[in-house]
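Enquirer: Questions regarding the structure given below will be posed in turn.
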2 protein chains.
Amino acid sequence: MNEIQSSSPQSRGPADHSVRDQIVEAAGEHFSHYGYEKTTVSDLAKAIGFSKAYIYKFFDSKQAIGEAICAQCLSKIIAAADEAVAGAITPTEKFRQLFKVLVATSVNLVFNDRKLHDIAAHGAGEKWPSVRAYAEHIRQILTEIVREGRESGEFERKTPLDETVLAIDLVMQPYVNPLLLQYNLDLVEEAPARLSNLVLRSLAP
Amino acid sequence: MNEIQSSSPQSRGPADHSVRDQIVEAAGEHFSHYGYEKTTVSDLAKAIGFSKAYIYKFFDSKQAIGEAICAQCLSKIIAAADEAVAGAITPTEKFRQLFKVLVATSVNLVFNDRKLHDIAAHGAGEKWPSVRAYAEHIRQILTEIVREGRESGEFERKTPLDETVLAIDLVMQPYVNPLLLQYNLDLVEEAPARLSNLVLRSLAP
């Protein structure tokens with residue numbers, strides 16, 4: 001479940017795969033310095049030292065490269081969240097960890113470390129497949145946590161499951177959607193805990 | 001409580017006041033056509049038919065005009081919310097109305113009618129006094145509603161009041177803060193009701 005595919009996976013031989021990875025790696029570096037929006041495939045080709053035609057052998061467009069970077073980054077966020085949830089015992093603790101780790105990892109990977117917010121925000125705005133898969137994965141984890149909490153009697157059961165999940169998902173969106181997160185960075189310290197408490201009060205039986 | 005002051009109220013005689021209003025009105029029209037960011041005071045002076053120096057008699061800067069427009073717009077949103085809350089009987093209904101009317105009026109005034117999102121989003125991003133006063137006013141109404149619901153036994157009383165209010169405020173932010181609202185316009189039909197239900201579940205005694 002950890003692997004989020006970009007829209008053009010293009011399966012080729014192992015050597016091609018490594019060139020692909022090389023392009024993605026170099027493009028990630030380049031974008032994080034010069035910005036995704038402002039960079040063209042020509043700029044990228046020059047910077048990497050490949051011809052433009054060679055890059056086009058592997059990626060149809062700049063967006064395809066951006067999507068591959070975005071998918072890789074979101075996969076890491078999801079992996080961190082999955083691990084945190086797996087390490088927690090109760091559904092209450094699983095939910096807290098999910099929210100906390102999603103936000104902390106997003107801030108770290110997208111804003112602090114590689115400055116990929118440009119690509120991630122663009123992808124979120126354009127609803128790229130990797131971003132949609134990421135959102136869908138979060139809803140799946142949420143559904144499992146709420147279902148488990150209902151079964152163990154930790155959470156209330158009157159509200160339809162999908163209504164509960166969709167509402168919690170809406171509460172988390174401003175902090176887990178990269179497009180919105182960039183405007184909420186001054187709240188990332190306090191908001192996840194405060195909102196987790198509110199959500200858990202709403203889940204009380 | 002309905003009047004949100006801009007940062008440079010500048011009290012002058014009644015004639016001056018009417019010129020001020022005239023500038024604000026014309027600037028609002030101009031900004032909504034050409035955008036706040038792209039317009040200079042010179043453009044504005046030309047469009048209104050006043051000299052730049054004359055405009056500067058009333059406003060220190062473009063931002064001061066923007067703030068006056070923003071304050072006027074936010075006052076209207078607050079007035080609509082106050083009226084809706086006053087017309088509702090129970091704290092539950094007051095909260096639903098508050099959220100619903102804040103969002104509906106914001107969408108209408110800021111995005112549909114006069115296309116002032118440019119100014120409002122700029123003001124929210126820069127934390128203009130009018131935007132801070134608006135946010136503070138919403139927290140005040142919220143506090144009153146929660147307090148009333150606690151007194152009547154409709155809402156739980158275990159959680160500290162300010163913790164409850166701050167968390168609900170965080171839930172509402174993405175839809176009542178003009179900077180964030182612009183990215184959530186596709187959710188304005190369903191999100192306020194869905195989130196109101198979640199908040200009200202969290203308030204259950």
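We label chains A, B, ... in the order they appear in the structure tokens, count residues from 1 in each chain, and number ligands from 1 in the order shown.
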Pull the closest atom pair for each residue of chain B that gets at most 10 Å from chain A, along with the distance in Å to one decimal, counting only C-alpha atoms, ordering rows by chain and then ascending residue number, as JSON lines.

Expert:
```
{"residue": "B:Gly125", "atom": "CA", "partner": "A:Tyr183", "partner_atom": "CA", "distance": 8.4}
{"residue": "B:Glu156", "atom": "CA", "partner": "A:Arg201", "partner_atom": "CA", "distance": 9.9}
{"residue": "B:Thr159", "atom": "CA", "partner": "A:Arg201", "partner_atom": "CA", "distance": 9.4}
{"residue": "B:Glu163", "atom": "CA", "partner": "A:Arg194", "partner_atom": "CA", "distance": 7.7}
{"residue": "B:Thr164", "atom": "CA", "partner": "A:Leu198", "partner_atom": "CA", "distance": 7.4}
{"residue": "B:Leu166", "atom": "CA", "partner": "A:Arg194", "partner_atom": "CA", "distance": 8.0}
{"residue": "B:Ala167", "atom": "CA", "partner": "A:Arg194", "partner_atom": "CA", "distance": 5.8}
{"residue": "B:Ile168", "atom": "CA", "partner": "A:Leu198", "partner_atom": "CA", "distance": 7.8}
{"residue": "B:Asp169", "atom": "CA", "partner": "A:Leu195", "partner_atom": "CA", "distance": 9.9}
{"residue": "B:Leu170", "atom": "CA", "partner": "A:Ala191", "partner_atom": "CA", "distance": 7.2}
{"residue": "B:Val171", "atom": "CA", "partner": "A:Val171", "partner_atom": "CA", "distance": 6.0}
{"residue": "B:Met172", "atom": "CA", "partner": "A:Val171", "partner_atom": "CA", "distance": 8.9}
{"residue": "B:Gln173", "atom": "CA", "partner": "A:Pro174", "partner_atom": "CA", "distance": 9.2}
{"residue": "B:Pro174", "atom": "CA", "partner": "A:Pro174", "partner_atom": "CA", "distance": 6.9}
{"residue": "B:Leu179", "atom": "CA", "partner": "A:Tyr183", "partner_atom": "CA", "distance": 8.1}
{"residue": "B:Leu180", "atom": "CA", "partner": "A:Leu180", "partner_atom": "CA", "distance": 7.2}
{"residue": "B:Leu181", "atom": "CA", "partner": "A:Leu180", "partner_atom": "CA", "distance": 9.9}
{"residue": "B:Tyr183", "atom": "CA", "partner": "A:Leu180", "partner_atom": "CA", "distance": 7.4}
{"residue": "B:Asn184", "atom": "CA", "partner": "A:Leu180", "partner_atom": "CA", "distance": 9.0}
{"residue": "B:Leu187", "atom": "CA", "partner": "A:Leu170", "partner_atom": "CA", "distance": 9.3}
{"residue": "B:Glu190", "atom": "CA", "partner": "A:Ala167", "partner_atom": "CA", "distance": 9.9}
{"residue": "B:Ala191", "atom": "CA", "partner": "A:Leu170", "partner_atom": "CA", "distance": 7.2}
{"residue": "B:Pro192", "atom": "CA", "partner": "A:Ala167", "partner_atom": "CA", "distance": 9.8}
{"residue": "B:Ala193", "atom": "CA", "partner": "A:Ala167", "partner_atom": "CA", "distance": 9.4}
{"residue": "B:Arg194", "atom": "CA", "partner": "A:Ala167", "partner_atom": "CA", "distance": 5.8}
{"residue": "B:Leu195", "atom": "CA", "partner": "A:Ala167", "partner_atom": "CA", "distance": 5.8}
{"residue": "B:Ser196", "atom": "CA", "partner": "A:Ala167", "partner_atom": "CA", "distance": 9.1}
{"residue": "B:Asn197", "atom": "CA", "partner": "A:Ala167", "partner_atom": "CA", "distance": 8.3}
{"residue": "B:Leu198", "atom": "CA", "partner": "A:Ser202", "partner_atom": "CA", "distance": 6.0}
{"residue": "B:Val199", "atom": "CA", "partner": "A:Ser202", "partner_atom": "CA", "distance": 6.7}
{"residue": "B:Leu200", "atom": "CA", "partner": "A:Ser202", "partner_atom": "CA", "distance": 7.5}
{"residue": "B:Arg201", "atom": "CA", "partner": "A:Ser202", "partner_atom": "CA", "distance": 4.6}
{"residue": "B:Ser202", "atom": "CA", "partner": "A:Ser202", "partner_atom": "CA", "distance": 3.5}
{"residue": "B:Leu203", "atom": "CA", "partner": "A:Ser202", "partner_atom": "CA", "distance": 7.1}
{"residue": "B:Ala204", "atom": "CA", "partner": "A:Ser202", "partner_atom": "CA", "distance": 7.8}
{"residue": "B:Pro205", "atom": "CA", "partner": "A:Arg201", "partner_atom": "CA", "distance": 9.9}
```

Enquirer: When you look at segment 131-135 of chain B with a cut-off of 8 Å (counting only C-alpha atoms), what residues show up, excluding the ones that are within fewer than 3 positions of it in the same chain? I need them as a PDB file with N, CA, C and O atoms, in the first residue's frame.

Expert:
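The result, written out as out-v1.pdb:
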```
ATOM      1  N   ILE B   4     -16.246  46.927  11.636  1.00  0.00           N
ATOM      2  CA  ILE B   4     -14.824  46.594  11.692  1.00  0.00           C
ATOM      3  C   ILE B   4     -14.049  47.784  11.144  1.00  0.00           C
ATOM      4  O   ILE B   4     -14.243  48.190  10.004  1.00  0.00           O
ATOM      5  N   CYS B  70     -11.630  46.167   2.371  1.00  0.00           N
ATOM      6  CA  CYS B  70     -11.648  44.878   3.063  1.00  0.00           C
ATOM      7  C   CYS B  70     -12.496  44.976   4.336  1.00  0.00           C
ATOM      8  O   CYS B  70     -13.342  44.107   4.601  1.00  0.00           O
ATOM      9  N   ALA B  71     -12.283  46.063   5.112  1.00  0.00           N
ATOM     10  CA  ALA B  71     -13.024  46.259   6.361  1.00  0.00           C
ATOM     11  C   ALA B  71     -14.527  46.344   6.093  1.00  0.00           C
ATOM     12  O   ALA B  71     -15.337  45.754   6.816  1.00  0.00           O
ATOM     13  N   LEU B  74     -15.797  42.811   5.165  1.00  0.00           N
ATOM     14  CA  LEU B  74     -15.850  41.916   6.322  1.00  0.00           C
ATOM     15  C   LEU B  74     -16.951  42.335   7.296  1.00  0.00           C
ATOM     16  O   LEU B  74     -17.575  41.487   7.934  1.00  0.00           O
ATOM     17  N   SER B  75     -17.201  43.656   7.394  1.00  0.00           N
ATOM     18  CA  SER B  75     -18.307  44.132   8.241  1.00  0.00           C
ATOM     19  C   SER B  75     -19.636  43.566   7.773  1.00  0.00           C
ATOM     20  O   SER B  75     -20.487  43.189   8.576  1.00  0.00           O
ATOM     21  N   ILE B  78     -19.828  39.902   8.783  1.00  0.00           N
ATOM     22  CA  ILE B  78     -20.098  39.793  10.219  1.00  0.00           C
ATOM     23  C   ILE B  78     -21.557  40.161  10.528  1.00  0.00           C
ATOM     24  O   ILE B  78     -22.212  39.501  11.345  1.00  0.00           O
ATOM     25  N   GLY B 123      -5.140  40.692   2.258  1.00  0.00           N
ATOM     26  CA  GLY B 123      -5.289  41.164   3.638  1.00  0.00           C
ATOM     27  C   GLY B 123      -5.137  40.039   4.654  1.00  0.00           C
ATOM     28  O   GLY B 123      -4.528  40.217   5.713  1.00  0.00           O
ATOM     29  N   ALA B 124      -5.667  38.873   4.300  1.00  0.00           N
ATOM     30  CA  ALA B 124      -5.554  37.720   5.215  1.00  0.00           C
ATOM     31  C   ALA B 124      -4.105  37.259   5.285  1.00  0.00           C
ATOM     32  O   ALA B 124      -3.593  36.927   6.352  1.00  0.00           O
ATOM     33  N   LYS B 127      -2.238  39.687   7.292  1.00  0.00           N
ATOM     34  CA  LYS B 127      -2.839  39.878   8.614  1.00  0.00           C
ATOM     35  C   LYS B 127      -3.199  41.338   8.885  1.00  0.00           C
ATOM     36  O   LYS B 127      -2.803  41.921   9.898  1.00  0.00           O
ATOM     37  N   TRP B 128      -3.949  41.943   7.970  1.00  0.00           N
ATOM     38  CA  TRP B 128      -4.412  43.314   8.144  1.00  0.00           C
ATOM     39  C   TRP B 128      -5.266  43.425   9.409  1.00  0.00           C
ATOM     40  O   TRP B 128      -5.959  42.458   9.775  1.00  0.00           O
ATOM     41  N   ILE B 138     -15.352  36.531  15.187  1.00  0.00           N
ATOM     42  CA  ILE B 138     -15.892  35.171  15.025  1.00  0.00           C
ATOM     43  C   ILE B 138     -15.639  34.358  16.297  1.00  0.00           C
ATOM     44  O   ILE B 138     -16.517  33.647  16.775  1.00  0.00           O
ATOM     45  N   ARG B 139     -14.435  34.473  16.846  1.00  0.00           N
ATOM     46  CA  ARG B 139     -14.132  33.737  18.088  1.00  0.00           C
ATOM     47  C   ARG B 139     -15.037  34.195  19.225  1.00  0.00           C
ATOM     48  O   ARG B 139     -15.459  33.402  20.053  1.00  0.00           O
ATOM     49  N   ASN B 177     -11.581  32.102   6.439  1.00  0.00           N
ATOM     50  CA  ASN B 177     -10.417  32.932   6.142  1.00  0.00           C
ATOM     51  C   ASN B 177     -10.328  33.075   4.616  1.00  0.00           C
ATOM     52  O   ASN B 177     -10.188  32.070   3.911  1.00  0.00           O
TER      53      ASN B 177
END
```

Enquirer: Using only C-alpha atoms, determine which residues lie at most 12 Å from Gly28 of chain B, disregarding the query and same-chain residues fewer than 2 positions distant; provide the list as an NGL selection string.

Expert: :B and (21-26 or 30-36 or 39 or 44 or 47-48 or 62 or 65-73 or 109-110 or 113-120)

Enquirer: So which residues of chain A fall under alpha helix (DSSP H) by DSSP, listed as number ranges by chain?

Expert: A: 14-34, 41-48, 52-58, 62-87, 91-106, 117-125, 129-151, 161-176, 178-181, 191-203
